[in-house]
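See below for the structure under consideration.
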Amino acid sequence: MTNPLMDPAANPHEIAKRAADDIARASGVERHDIALTLGSGWAKAADVMGETVAEIPATTITGFSAPALEGHVGTLRSVKLPSGKTALVIGARTHYYEGHGVRRVVHSVRTAAATGASIMVLTNGAGGLNPQWEPGTPVLISDHINMTATSPLEGATFIDLTDLYSTRLRRIAKEVKTDLDEGVYIQLPGPHYETPAEVRMVGVLGANMVGMSTALEAIAAREAGMEVLGFSLVTNLAAGISDVPLSHDDVIEAGKTAEPVISALLADIVGRL
Ligand code: HPA
């Protein structure tokens, strides 16, 4: 089946609404309050956050695709939190580098909004520019730089991004972990890792973490009226910050090692949203 989002004449917001209807039908949960996209290293948070009410293969939901990557889980889960709120956990991120276009990258976020979610929690694995950040360090995203040279917004859609990574939600995260560092995340298209010269460049531009996701999703979340909370897991020091060459296997491994600690942290934070 071809993905309906590949039809340029289709309305991506209507397709997101259909996807939200699919989720309601498959999960039996009429609306969700909070949505989370769990990137490298964060997946276990879904297990510890609350009680899984339903787990749905992403490929059965309108507009979703199978994950391109090992280490990325291709399901959506409905989780009942101890607070009584419902969370939609998206384990299937479509990356910009997959080449399917921006509409498919942000479809999960638009779907989350269409399920009723007013808070979007975006997580990722990233390279760290701060040499003090050991692999396994979680960092709160305070702002982003979108270096993809594209936008999920179409037409004359002017959206304010001043407080994109909500000050209110960041304050809650810091109540849970007072020494949580904050940083600016930069999204590059990838899929190659950066050269050391590029890492120096993005450092001059003001970035503290570098990765290949999140910024486009955050913009779409804001367009949809959601509050955004973002976290990077530093899986490695960015190229040239340490002399160790980067490998995807090491990135996945660092994520797995850090997973229990950061998942518990995220679950704790989500419990207070
Ligand atoms: N660069 C870009 N993306 C990444 C990195 C990195 O160093 N580590 C994990 N994702």
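Each chain in the structure tokens gets a letter, A, B and so on, in the order shown; residues start at 1 in every chain, and ligands are counted from 1 in the order they appear.
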Task: Shell of 9 Å around ligand 1 (only C-alpha atoms and all ligand atoms), written as a PyMOL selection string - done: chain A and resi 40+124-129+186-194+199+209-213+233-239+246-248+251-252
Export, as a short mmCIF file (atom, residue, chain, number, x, y, z; two decimals), in the first residue's frame, the selected residues with N, CA, C and O atoms.
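As a result, result_1.cif now contains:
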data_model
loop_
_atom_site.label_atom_id
_atom_site.label_comp_id
_atom_site.auth_asym_id
_atom_site.auth_seq_id
_atom_site.Cartn_x
_atom_site.Cartn_y
_atom_site.Cartn_z
N SER A 40 16.66 7.07 20.35
CA SER A 40 17.71 6.15 20.82
C SER A 40 17.93 6.29 22.31
O SER A 40 18.24 7.38 22.79
N ASN A 124 15.74 12.26 21.86
CA ASN A 124 16.65 11.79 20.80
C ASN A 124 17.99 11.38 21.40
O ASN A 124 18.28 11.65 22.57
N GLY A 125 18.79 10.72 20.59
CA GLY A 125 20.19 10.50 20.90
C GLY A 125 20.98 11.52 20.10
O GLY A 125 20.63 11.80 18.96
N ALA A 126 22.01 12.10 20.69
CA ALA A 126 22.72 13.19 20.02
C ALA A 126 24.21 13.16 20.34
O ALA A 126 24.62 12.56 21.34
N GLY A 127 24.97 13.83 19.51
CA GLY A 127 26.38 14.05 19.81
C GLY A 127 26.50 15.28 20.69
O GLY A 127 25.81 16.28 20.47
N GLY A 128 27.36 15.22 21.69
CA GLY A 128 27.52 16.35 22.61
C GLY A 128 28.72 17.20 22.24
O GLY A 128 29.78 16.68 21.88
N LEU A 129 28.57 18.52 22.33
CA LEU A 129 29.71 19.41 22.09
C LEU A 129 30.42 19.79 23.37
O LEU A 129 31.52 20.31 23.34
N ILE A 186 20.92 21.14 17.55
CA ILE A 186 20.91 21.49 16.13
C ILE A 186 20.57 20.25 15.31
O ILE A 186 21.15 19.18 15.54
N GLN A 187 19.59 20.38 14.44
CA GLN A 187 19.24 19.27 13.55
C GLN A 187 19.91 19.46 12.21
O GLN A 187 19.67 20.45 11.51
N LEU A 188 20.74 18.51 11.84
CA LEU A 188 21.33 18.46 10.51
C LEU A 188 20.63 17.34 9.74
O LEU A 188 20.05 16.44 10.34
N PRO A 189 20.70 17.38 8.40
CA PRO A 189 19.98 16.36 7.64
C PRO A 189 20.54 14.94 7.80
O PRO A 189 19.79 13.98 7.77
N GLY A 190 21.87 14.80 8.02
CA GLY A 190 22.46 13.47 8.05
C GLY A 190 22.32 12.79 6.70
O GLY A 190 22.06 13.47 5.70
N PRO A 191 22.40 11.46 6.61
CA PRO A 191 22.64 10.53 7.71
C PRO A 191 24.13 10.37 8.09
O PRO A 191 24.43 9.69 9.04
N HIS A 192 25.01 11.00 7.35
CA HIS A 192 26.41 10.94 7.78
C HIS A 192 26.56 11.73 9.08
O HIS A 192 25.84 12.71 9.30
N TYR A 193 27.50 11.32 9.91
CA TYR A 193 27.86 12.14 11.05
C TYR A 193 28.65 13.34 10.52
O TYR A 193 29.07 13.38 9.37
N GLU A 194 28.87 14.31 11.41
CA GLU A 194 29.51 15.55 11.00
C GLU A 194 31.02 15.38 10.89
O GLU A 194 31.61 14.50 11.51
N VAL A 199 31.38 20.36 13.21
CA VAL A 199 31.06 20.44 14.64
C VAL A 199 31.58 21.76 15.21
O VAL A 199 30.87 22.44 15.97
N MET A 209 24.24 20.36 21.23
CA MET A 209 24.01 18.95 20.86
C MET A 209 23.71 18.91 19.37
O MET A 209 23.05 19.80 18.85
N VAL A 210 24.18 17.84 18.72
CA VAL A 210 23.96 17.73 17.29
C VAL A 210 23.30 16.39 16.98
O VAL A 210 23.66 15.36 17.53
N GLY A 211 22.28 16.46 16.12
CA GLY A 211 21.56 15.24 15.78
C GLY A 211 20.79 15.38 14.49
O GLY A 211 20.97 16.34 13.74
N MET A 212 19.93 14.39 14.23
CA MET A 212 19.27 14.30 12.93
C MET A 212 17.74 14.21 13.06
O MET A 212 17.07 13.64 12.19
N SER A 213 17.20 14.76 14.14
CA SER A 213 15.73 14.69 14.32
C SER A 213 15.24 15.92 15.09
O SER A 213 15.94 16.92 15.19
N LEU A 233 19.74 12.54 24.70
CA LEU A 233 20.69 11.69 25.41
C LEU A 233 22.01 11.83 24.66
O LEU A 233 22.07 11.55 23.46
N VAL A 234 23.03 12.30 25.34
CA VAL A 234 24.34 12.38 24.69
C VAL A 234 24.88 10.96 24.58
O VAL A 234 25.23 10.34 25.59
N THR A 235 24.88 10.43 23.37
CA THR A 235 25.35 9.06 23.17
C THR A 235 26.84 9.03 22.88
O THR A 235 27.48 7.99 22.98
N ASN A 236 27.38 10.18 22.49
CA ASN A 236 28.80 10.27 22.12
C ASN A 236 29.20 11.74 22.12
O ASN A 236 28.34 12.61 21.99
N LEU A 237 30.48 11.99 22.25
CA LEU A 237 30.95 13.35 22.01
C LEU A 237 30.97 13.56 20.50
O LEU A 237 31.31 12.64 19.75
N ALA A 238 30.56 14.72 20.05
CA ALA A 238 30.48 15.00 18.61
C ALA A 238 31.87 14.88 17.98
O ALA A 238 32.89 15.01 18.66
N ALA A 239 31.88 14.66 16.68
CA ALA A 239 33.14 14.41 15.95
C ALA A 239 34.17 15.52 16.24
O ALA A 239 33.85 16.70 16.16
N LEU A 246 33.25 7.98 15.22
CA LEU A 246 31.86 7.69 15.57
C LEU A 246 31.39 6.42 14.88
O LEU A 246 31.72 6.20 13.72
N SER A 247 30.64 5.61 15.62
CA SER A 247 30.02 4.45 14.97
C SER A 247 28.59 4.31 15.47
O SER A 247 28.30 4.56 16.65
N HIS A 248 27.71 3.94 14.56
CA HIS A 248 26.29 3.78 14.92
C HIS A 248 26.14 2.73 16.02
O HIS A 248 25.32 2.89 16.93
N VAL A 251 26.78 4.28 19.28
CA VAL A 251 25.67 5.17 19.65
C VAL A 251 24.53 4.34 20.25
O VAL A 251 23.98 4.67 21.31
N ILE A 252 24.20 3.22 19.60
CA ILE A 252 23.13 2.34 20.10
C ILE A 252 23.52 1.76 21.46
O ILE A 252 22.73 1.70 22.40
#
Open item on the list: With DSSP run on the backbone, what are the strand (DSSP E) residues within region 25-133 of chain A? I'd like them as an MDAnalysis selection string.
Closed with: chainID A and resid 34:37 51:57 75:80 86:90 119:128
Open item on the list: Could you list, as a ChimeraX atom specification, every residue within 7 Å of Val53 (chain A), counting only C-alpha atoms and ignoring same-chain residues fewer than 2 positions away?
Closed with: /A:51,78-80
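Comparing A:His13, A:Lys44, A:Arg31, A:Arg25 by their smallest distance to Ile61 (chain A), the closest is A:Arg25 (using only C-alpha atoms).
Nearest-residue note for Val106 (chain A): choosing from A:Ala221, A:Val29, A:Ala264, A:Ala35, the minimum distance belongs to A:Ala221, counting only C-alpha atoms.
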